[in-house]
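Below: one structure, written as structure tokens.
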Amino acid sequence: MREQPLKEVTQLIHAIKVGMVEGSYSITNKTLDIFKYIIMSKSWQNADELMRIVRAQSRIMQAALPQETVTSNIARRILKLTREEFDLLHAKIQHFADDSQASLSLHKLVTQTSESNVSVDYSKPQQGLREALLDHLQEVETELETSSENICVQAEEHIHSSEIILTLGHSRSVENFLKRAIKKRQYLTIIVAECAPSCRGHNLATKLANDKTVDIIVIPDASIFAMMSRVNKVIIGTHSVLANGGLRAACGAYTVALAAKHYSVPVIVLAPMYKLSPLHLCEQDAFNMVGCAEDVIPYDSLPAREAKVYSPMFDYVPPELVTLFISNTGGHAPSYVYRLLTELYHPEDLEI
Amino acid sequence: MVITSEQVPQSASESTSTDPGAPKRRKPRQRNRPRNKRNRVEDKEIETVQHSLQMETSIPTVKKLSGQSTHESALIAATDKTREQIMAEREAKKQAKHNKKNQSKTVPTPPTTKIITEVEQTTITTRLTTTTTTTNDRQEQLATTVAAAVPTKTTSVTSTTTLELGENTREKIKAEREAKKAAKQAVKSAKVSGGNVDAAAQKLANLQIQTAGATEAAESEKKKPALSKAERRAIQEAQRAAKAQGKAKKDTTKTLTAGAPGSQAISPPTSTIGSKEIKRDNDSPSKIEGSPVKSVPSKTERDHNVKLFNHLLCTSKDASQFINDPLVHPSMARLGEQYAKRIVVGSNARCIAFLNALRQVVQDFETPAKKEFGRSLDVTVKHHVDHLHKCRPLAVSVSNAYKQFKNQLTQLPVDKPETELKDLLSHFIDTYIENQIGKAAQAISGFLQEKITNGDVLLTFGCSSLIHYICEEAKRRQVAFRVIVVDSRPFCEGQEMLRRLSADGIPCTYVLINAISYVMPEATKVLLGAHALLANGYVMARTGTAQVALVANAHNVPVLVCCETHKFSERFQTDAIVYNELGDPNELVRSDKCCLLNWQTKSRMTPLNLNYDITPPELVSAVVTEVAILPCTSVPVILRIKPEIGY
């Protein structure tokens with residue numbers, strides 16, 4: 001049976017497609033609102049039904065917006081929440097006063113296989129599930145709201161004074177992070193690679209340049225390697241973090257990471273938890289999107305008529321080129337990402 | 001023929017004057033002026049060169065504006081007269097300045113600075129006008145420039161007074177001559193140093209230029225419907241400022257026509273109001289609607305240098321700075337300008353153009369009396385090379401060619417007549433071009449043809465004449481291959497490469513450099529051109545080359561650098577920062593809507609436009625030279641055996 005999308009879902013998909021909603025943060029927020037609405041609605045009677053609805057809607061969004069992984073990430077979070085809350089209530093009823101049941105520990109992970117044999121029947125109606133879920137959802141919302149701030153707070157731990165930092169394009173987390181760093185540390189030099197053809201780096205540069213105590217250098221993408229020899233740290237944002245710790249980041253990130261590797265410069269990636277997605281995509285063609293080529297070369301120019309012109313949007317950065325992830329919960333090595341994923345999502349929900 | 005110092009200024013004055021008698025009589029007097037005073041003026045002129053450059057950049061919009069205005073024809077007709085008049089004014093004002101210095105204790109500063117400001121404004125214009133007269137072919141090009149630039153002044157500053165001024169120029173000149181005489185005596189009597197006054201004047205001059213631009217922007221803005229309140233206010237203020245300025249100017253010119261040096265002090269209230277207005281308006285209009293003028297006070301300009309690159313001078317594009325040298329041969333002067341404006345780019349093109357110009361210099365060279373041909377020619381050529389270096393730092397290929405030429409000069413036979421020696425030299429130049437560039441390219445192409453096979457996907461970066469030649473050859477051999485052209489902003493030379501290759505019928509793919517990881521898996525070979533090969537095996541090439549090599553290396557694609565041996569350099573370099581060339585940072589600004597526009601007004605933000613970068617030898621699989629296909633590290637070997645190869 002083909003699921004019909006909810007009205008809200010279609011609206012959101014449209015808004016994202018036409019660019020009214022941009023940036024992973026706002027997309028995440030809007031998606032969360034939709035799921036909250038679903039939970040509040042009376043269309044489901046038990047946990048199983050709810051999970052089915054969430055899955056179906058999430059699948060629709062994923063199909064419509066294959067490049068926006070955050071929507072499915074949020075859906076996975078909701079599914080996990082539902083499972084947890086159900087288990088908790090279930091446990092309470094059965095007087096299982098075992099706290100470890102709720103929190104996923106390494107111990108539990110190991111013992112999970114034996115437990116999953118005793119499959120939980122989610123179709124049983126559970127009293128108070130809706131209220132518990134909404135409560136918990138509130139927590140997720142606050143986490144989302146404070147994620148940017150929580151990342152910023154760590155700026156001091158990673159940046160010392162008179163450091164030369166290179167960044168690429170324009171990421172909101174990077175902007176806030178660097179603004180905090182500028183406030184706390186003196187004599188910073190920030191090199192911004194413009195990230196052609198959209199040149200969003202220019203926006204970042206102008207936003208950071210309001211401060212008197214910082215030197216901003218805007219460079220074209222071609223000078224990244226030349227400047228890298230003087231750079232202390234590379235700080236970039238990312239579109240999403242993949243399951244192996246690799247990145248799907250703005251086009252050009254691979255070159256930056258590679259150049260940083262060449263000069264042994266640490267690469268710090270700012271990624272709030274909602275960007276972690278349990279996908280294994282190690283190839284360009286698996287996820288890339290090709291943008292409008294008009295900015296690359298004008299359509300009416302003579303050579304453009306015969307040449308193939310590409311303007312890809314994303315780059316895959318392998319995990320070995322990343323030194324550190326900074327999320328709202330702290331710093332993580334790329335090799336630790338799989339562990340974060342198991343904490344964040346239920347193993348059964350990895351495939352929606 | 002070599003233009004002597006006598007010819008140029010005279011032709012300048014002749015072409016600018018409507019009255020043949022007056023300027024000629026004026027000329028010697030100018031020369032009689034006290035030496036040190038003249039020097040100081042010249043210094044200032046150098047300072048203002050920057051601003052004249054900025055004026056030039058604003059020309060396109062000015063042209064549009066003047067096209068729209070109904071007074072267009074009147075303005076252009078007035079151009080000749082105003083030119084004269086401006087020169088006259090300048091002199092008169094200089095005297096006035098010195099008078100002021102005498103009276104500086106009694107007179108308040110604003111009027112003084114005001115006058116000096118105007119002096120400087122006029123020097124900007126006169127500088128533009130004098131450029132027209134140095135070379136004939138340049139004249140045609142610049143005539144349009146001047147025609148556009150002079151209205152800038154007239155529309156913005158003296159719009160109300162232009163016509164009136166045009167009429168009574170002659171009387172004014174006479175009056176000013178008298179004024180000058182009087183002032184000269186005054187100067188002799190007392191010379192008070194006015195350093196800080198000058199500085200203040202400089203600042204004011206900047207402010208005025210900026211507001212002039214702002215008013216233009218405001219005028220153009222007027223045509224757009226739906227203005228925000230802030231914008232409208234800004235426009236009003238700008239207009240008021242312009243009016244005040246015009247008024248101040250009128251006052252000065254009126255007093256000038258009166259002729260008496262004492263009366264040249266403007267009434268303080270008018271000018272102070274004017275300058276205050278200017279100061280207030282200075283930032284607001286330019287911030288709100290990105291005005292096309294890029295002028296800022298020179299102090300902040302210094303702040304906007306990238307600290308890492310303080311040792312590198314940003315090349316100035318102002319050609320008028322260079323072409324006024326009477327000792328420079330016209331062909332070299334033209335070449336210098338082509339270098340500076342990047343009309344001639346690329347190592348080989350620069351080298352060939354240099355050698356052709358050099359041939360002209362040799363042909364037109366006349367040995368001074370009682371001097372040896374070889375030595376005096378050496379001195380002349382050195383002067384020319386210095387001139388070229390000023391326009392744009394010399395390419396390695398050019399300096400190598402120059403070295404070889406000098407070497408040839410020392411080996412000239414002594415007992416032969418001059419014409420024969422000249423023939424010898426031009427023969428040398430011909431063979432150098434043929435062997436070092438033409439035949440070398442053939443040899444390199446020959447080596448590479450073995451490497452290009454059916455189904456190959458070549459990846460190349462930017463535009464290289466050599467790579468293009470190789471691709472052409474491969475196409476001629478009917479090899480089925482395609483080319484991926486990688487390009488980068490701001491130069492976008494790859495577009496030229498793409499144009500040439502698609503004209504040859506070679507299937508092409510075009511991407512920007514940050515998308516390189518997207519296309520690299522397809523590529524089977526990377527062919528790169530080079531600016532120079534350094535003695536430690538590093539490859540110096542257009543910025544971005546190193547990145548291409550890096551990504552290619554990560555994808556295990558072989559990187560072949562094609563480079564003729566005449567581009568080999570004896571320099572050692574390990575990074576791209578110690579020695580490099582800085583391009584115009586404004587080239588990074590994409591369009592009028594780009595938020596980098598007016599970056600000078602933002603605190604401490606600088607676009608950086610590096611020209612070259614250095615590719616470490618470990619990223620390069622091999623260097624293809626006309627001698628052999630070599631590893632990068634063999635460069636010193638080639639350098640050592642080089643004198644034996646070729647010529």
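Each chain of the structure tokens is named A, B, ... in the order shown, its residues numbered from 1; ligands are numbered from 1 in display order.
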
### Task
Pick out the residues sitting within 10 Å of Tyr274 (chain A), and hand them over as a PyMOL selection string; count only C-alpha atoms, and ignore anything fewer than 3 positions along from it in its own chain.
chain A and resi 24-25+28+69-74+77+143-144+147+240-241+271+277+327-328+344

### Task
Within 8 Å of chain B, which residues of chain A are there when counting only C-alpha atoms? Please give them as a PyMOL selection string.
chain A and resi 195-197+202-203+205-206+209-212+214-227+229+251-255+258-259+284+296-297+302-303+306-312+315

### Message
When you look at region 624-639 of chain B with a cut-off of 12 Å (counting only C-alpha atoms), what residues show up, excluding the ones that are within fewer than 5 positions of it in the same chain? I need them as a ChimeraX atom specification.
### Response
/B:400,435-451,466-467,470,527-530,532-540,559-572,615-619,644-646

### Query
Can you tell me how far CA of Leu394 (chain B) sits from CA of Val623 (chain B), in Å to one decimal?
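Atom-to-atom, CA of Leu394 (chain B) to CA of Val623 (chain B), that is 23.0 Å.
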
### Task
For CA of Lys406 (chain B) and CA of Ile429 (chain B), quote the distance in Å rounded to one decimal.
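According to the coordinates, CA of Lys406 (chain B) and CA of Ile429 (chain B) are separated by 11.4 Å.
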
### Task
List the neighbours of Phe86 (chain A) out to 9 Å using only C-alpha atoms; skip same-chain residues closer than 4 positions along the sequence, and give me the result as a PyMOL selection string.
chain A and resi 47+81-82+90-91+122+126+129

### Message
Quick one: residues within 12 Å of region 41-45 of chain A, only C-alpha atoms, excluding same-chain residues fewer than 5 positions away - as a VMD selection string?
### Response
chain A and resid 6 34 to 36 50 to 54 122 to 131 134

### Task
Quote the spacing between CA of Ile352 (chain B) and CA of Ile433 (chain B) in Å to one decimal place.
6.6 Å

### Query
Val153 (chain A): which residues within 12 Å, counting only C-alpha atoms, same-chain residues fewer than 2 positions away excluded, as a PyMOL selection string?
chain A and resi 146-151+155-159+173+176-181+183-184+326-331

### Task
Using DSSP on the backbone coordinates, identify all residues within region 161-238 of chain A classified as alpha helix (DSSP H); present the result as a list in words.
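Those in region 161-238 of chain A that DSSP calls alpha helix (DSSP H) are Arg172, Ser173, Val174, Glu175, Asn176, Phe177, Leu178, Lys179, Arg180, Ala181, Ile182, Lys183, Lys184, Arg200, Gly201, His202, Asn203, Leu204, Ala205, Thr206, Lys207, Leu208, Ile224, Phe225, Ala226, Met227 and Met228 of chain A.
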
Taking N, CA, C and O atoms for each residue, export the selection above as a CSV table (one decimal), in the first residue's frame.
chain,number,residue,atom,x,y,z
A,172,ARG,N,26.8,27.9,9.1
A,172,ARG,CA,26.3,28.7,10.3
A,172,ARG,C,27.0,28.3,11.6
A,172,ARG,O,27.4,29.2,12.4
A,173,SER,N,27.3,27.0,11.7
A,173,SER,CA,28.0,26.6,13.0
A,173,SER,C,29.4,27.2,13.0
A,173,SER,O,29.9,27.7,14.0
A,174,VAL,N,30.0,27.2,11.8
A,174,VAL,CA,31.4,27.7,11.7
A,174,VAL,C,31.4,29.2,12.0
A,174,VAL,O,32.2,29.7,12.7
A,175,GLU,N,30.4,29.9,11.5
A,175,GLU,CA,30.3,31.3,11.7
A,175,GLU,C,30.2,31.6,13.2
A,175,GLU,O,30.9,32.5,13.7
A,176,ASN,N,29.3,30.9,13.9
A,176,ASN,CA,29.1,31.2,15.3
A,176,ASN,C,30.3,30.8,16.1
A,176,ASN,O,30.7,31.5,17.0
A,177,PHE,N,30.9,29.7,15.7
A,177,PHE,CA,32.1,29.2,16.4
A,177,PHE,C,33.2,30.2,16.3
A,177,PHE,O,33.9,30.6,17.3
A,178,LEU,N,33.4,30.7,15.1
A,178,LEU,CA,34.5,31.6,14.9
A,178,LEU,C,34.2,33.0,15.5
A,178,LEU,O,35.1,33.6,16.1
A,179,LYS,N,33.0,33.4,15.6
A,179,LYS,CA,32.6,34.6,16.2
A,179,LYS,C,33.0,34.5,17.7
A,179,LYS,O,33.5,35.5,18.3
A,180,ARG,N,32.7,33.4,18.3
A,180,ARG,CA,33.0,33.2,19.7
A,180,ARG,C,34.5,33.2,19.9
A,180,ARG,O,35.1,33.8,20.8
A,181,ALA,N,35.2,32.5,19.0
A,181,ALA,CA,36.7,32.5,19.1
A,181,ALA,C,37.3,33.9,19.0
A,181,ALA,O,38.2,34.2,19.7
A,182,ILE,N,36.7,34.7,18.1
A,182,ILE,CA,37.2,36.1,17.9
A,182,ILE,C,37.0,36.9,19.2
A,182,ILE,O,37.9,37.6,19.6
A,183,LYS,N,35.9,36.6,19.8
A,183,LYS,CA,35.6,37.3,21.1
A,183,LYS,C,36.6,36.9,22.2
A,183,LYS,O,37.0,37.8,23.0
A,184,LYS,N,37.0,35.7,22.2
A,184,LYS,CA,37.8,35.2,23.3
A,184,LYS,C,39.3,35.3,23.1
A,184,LYS,O,40.0,35.3,24.0
A,200,ARG,N,29.9,31.5,-1.3
A,200,ARG,CA,29.3,31.8,-0.1
A,200,ARG,C,30.3,32.2,1.0
A,200,ARG,O,30.0,32.8,2.0
A,201,GLY,N,31.6,31.9,0.7
A,201,GLY,CA,32.7,32.4,1.6
A,201,GLY,C,32.7,33.9,1.7
A,201,GLY,O,33.1,34.4,2.8
A,202,HIS,N,32.3,34.6,0.7
A,202,HIS,CA,32.2,36.0,0.8
A,202,HIS,C,31.3,36.5,1.9
A,202,HIS,O,31.6,37.4,2.7
A,203,ASN,N,30.1,35.8,2.0
A,203,ASN,CA,29.2,36.1,3.0
A,203,ASN,C,29.8,35.9,4.4
A,203,ASN,O,29.7,36.8,5.3
A,204,LEU,N,30.4,34.8,4.6
A,204,LEU,CA,31.0,34.5,5.9
A,204,LEU,C,32.1,35.6,6.2
A,204,LEU,O,32.1,36.1,7.3
A,205,ALA,N,32.9,35.9,5.2
A,205,ALA,CA,33.9,36.9,5.5
A,205,ALA,C,33.3,38.3,5.9
A,205,ALA,O,33.8,38.9,6.9
A,206,THR,N,32.3,38.7,5.2
A,206,THR,CA,31.7,40.0,5.6
A,206,THR,C,31.0,39.9,7.0
A,206,THR,O,31.1,40.9,7.7
A,207,LYS,N,30.5,38.7,7.3
A,207,LYS,CA,29.9,38.6,8.6
A,207,LYS,C,30.9,38.7,9.7
A,207,LYS,O,30.7,39.2,10.8
A,208,LEU,N,32.0,38.1,9.5
A,208,LEU,CA,33.1,38.0,10.5
A,208,LEU,C,33.9,39.3,10.6
A,208,LEU,O,34.5,39.6,11.6
A,224,ILE,N,44.1,27.6,-2.0
A,224,ILE,CA,44.0,26.9,-0.7
A,224,ILE,C,45.4,26.2,-0.4
A,224,ILE,O,45.9,26.3,0.7
A,225,PHE,N,45.9,25.5,-1.4
A,225,PHE,CA,47.1,24.8,-1.2
A,225,PHE,C,48.3,25.8,-0.8
A,225,PHE,O,49.1,25.5,0.1
A,226,ALA,N,48.3,26.9,-1.6
A,226,ALA,CA,49.4,27.8,-1.3
A,226,ALA,C,49.4,28.4,0.1
A,226,ALA,O,50.4,28.6,0.7
A,227,MET,N,48.1,28.6,0.6
A,227,MET,CA,48.0,29.2,1.9
A,227,MET,C,48.1,28.2,3.0
A,227,MET,O,48.4,28.6,4.1
A,228,MET,N,47.9,27.0,2.7
A,228,MET,CA,47.8,25.9,3.7
A,228,MET,C,49.1,25.8,4.5
A,228,MET,O,49.0,25.4,5.7

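Secondary structure from DSSP on the backbone puts strand (DSSP E or B) at the following positions of region 384-471 of chain B: Val457, Leu458, Leu459, Thr460 and Phe461 of chain B.
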
Keeping only N, CA and C atoms, write the selected residues to a file as a PDB file, in the first residue's frame.
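For reference, result05.pdb as written:
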ATOM      1  N   VAL B 457      41.753  10.342 -21.144  1.00  0.00           N
ATOM      2  CA  VAL B 457      41.084  11.541 -20.655  1.00  0.00           C
ATOM      3  C   VAL B 457      42.156  12.407 -20.015  1.00  0.00           C
ATOM      4  N   LEU B 458      42.487  13.500 -20.658  1.00  0.00           N
ATOM      5  CA  LEU B 458      43.524  14.379 -20.137  1.00  0.00           C
ATOM      6  C   LEU B 458      42.871  15.440 -19.276  1.00  0.00           C
ATOM      7  N   LEU B 459      43.476  15.694 -18.150  1.00  0.00           N
ATOM      8  CA  LEU B 459      42.975  16.768 -17.304  1.00  0.00           C
ATOM      9  C   LEU B 459      44.010  17.879 -17.317  1.00  0.00           C
ATOM     10  N   THR B 460      43.569  19.089 -17.557  1.00  0.00           N
ATOM     11  CA  THR B 460      44.518  20.195 -17.565  1.00  0.00           C
ATOM     12  C   THR B 460      43.949  21.362 -16.770  1.00  0.00           C
ATOM     13  N   PHE B 461      44.830  22.219 -16.342  1.00  0.00           N
ATOM     14  CA  PHE B 461      44.410  23.332 -15.496  1.00  0.00           C
ATOM     15  C   PHE B 461      44.778  24.651 -16.163  1.00  0.00           C
TER      16      PHE B 461
END
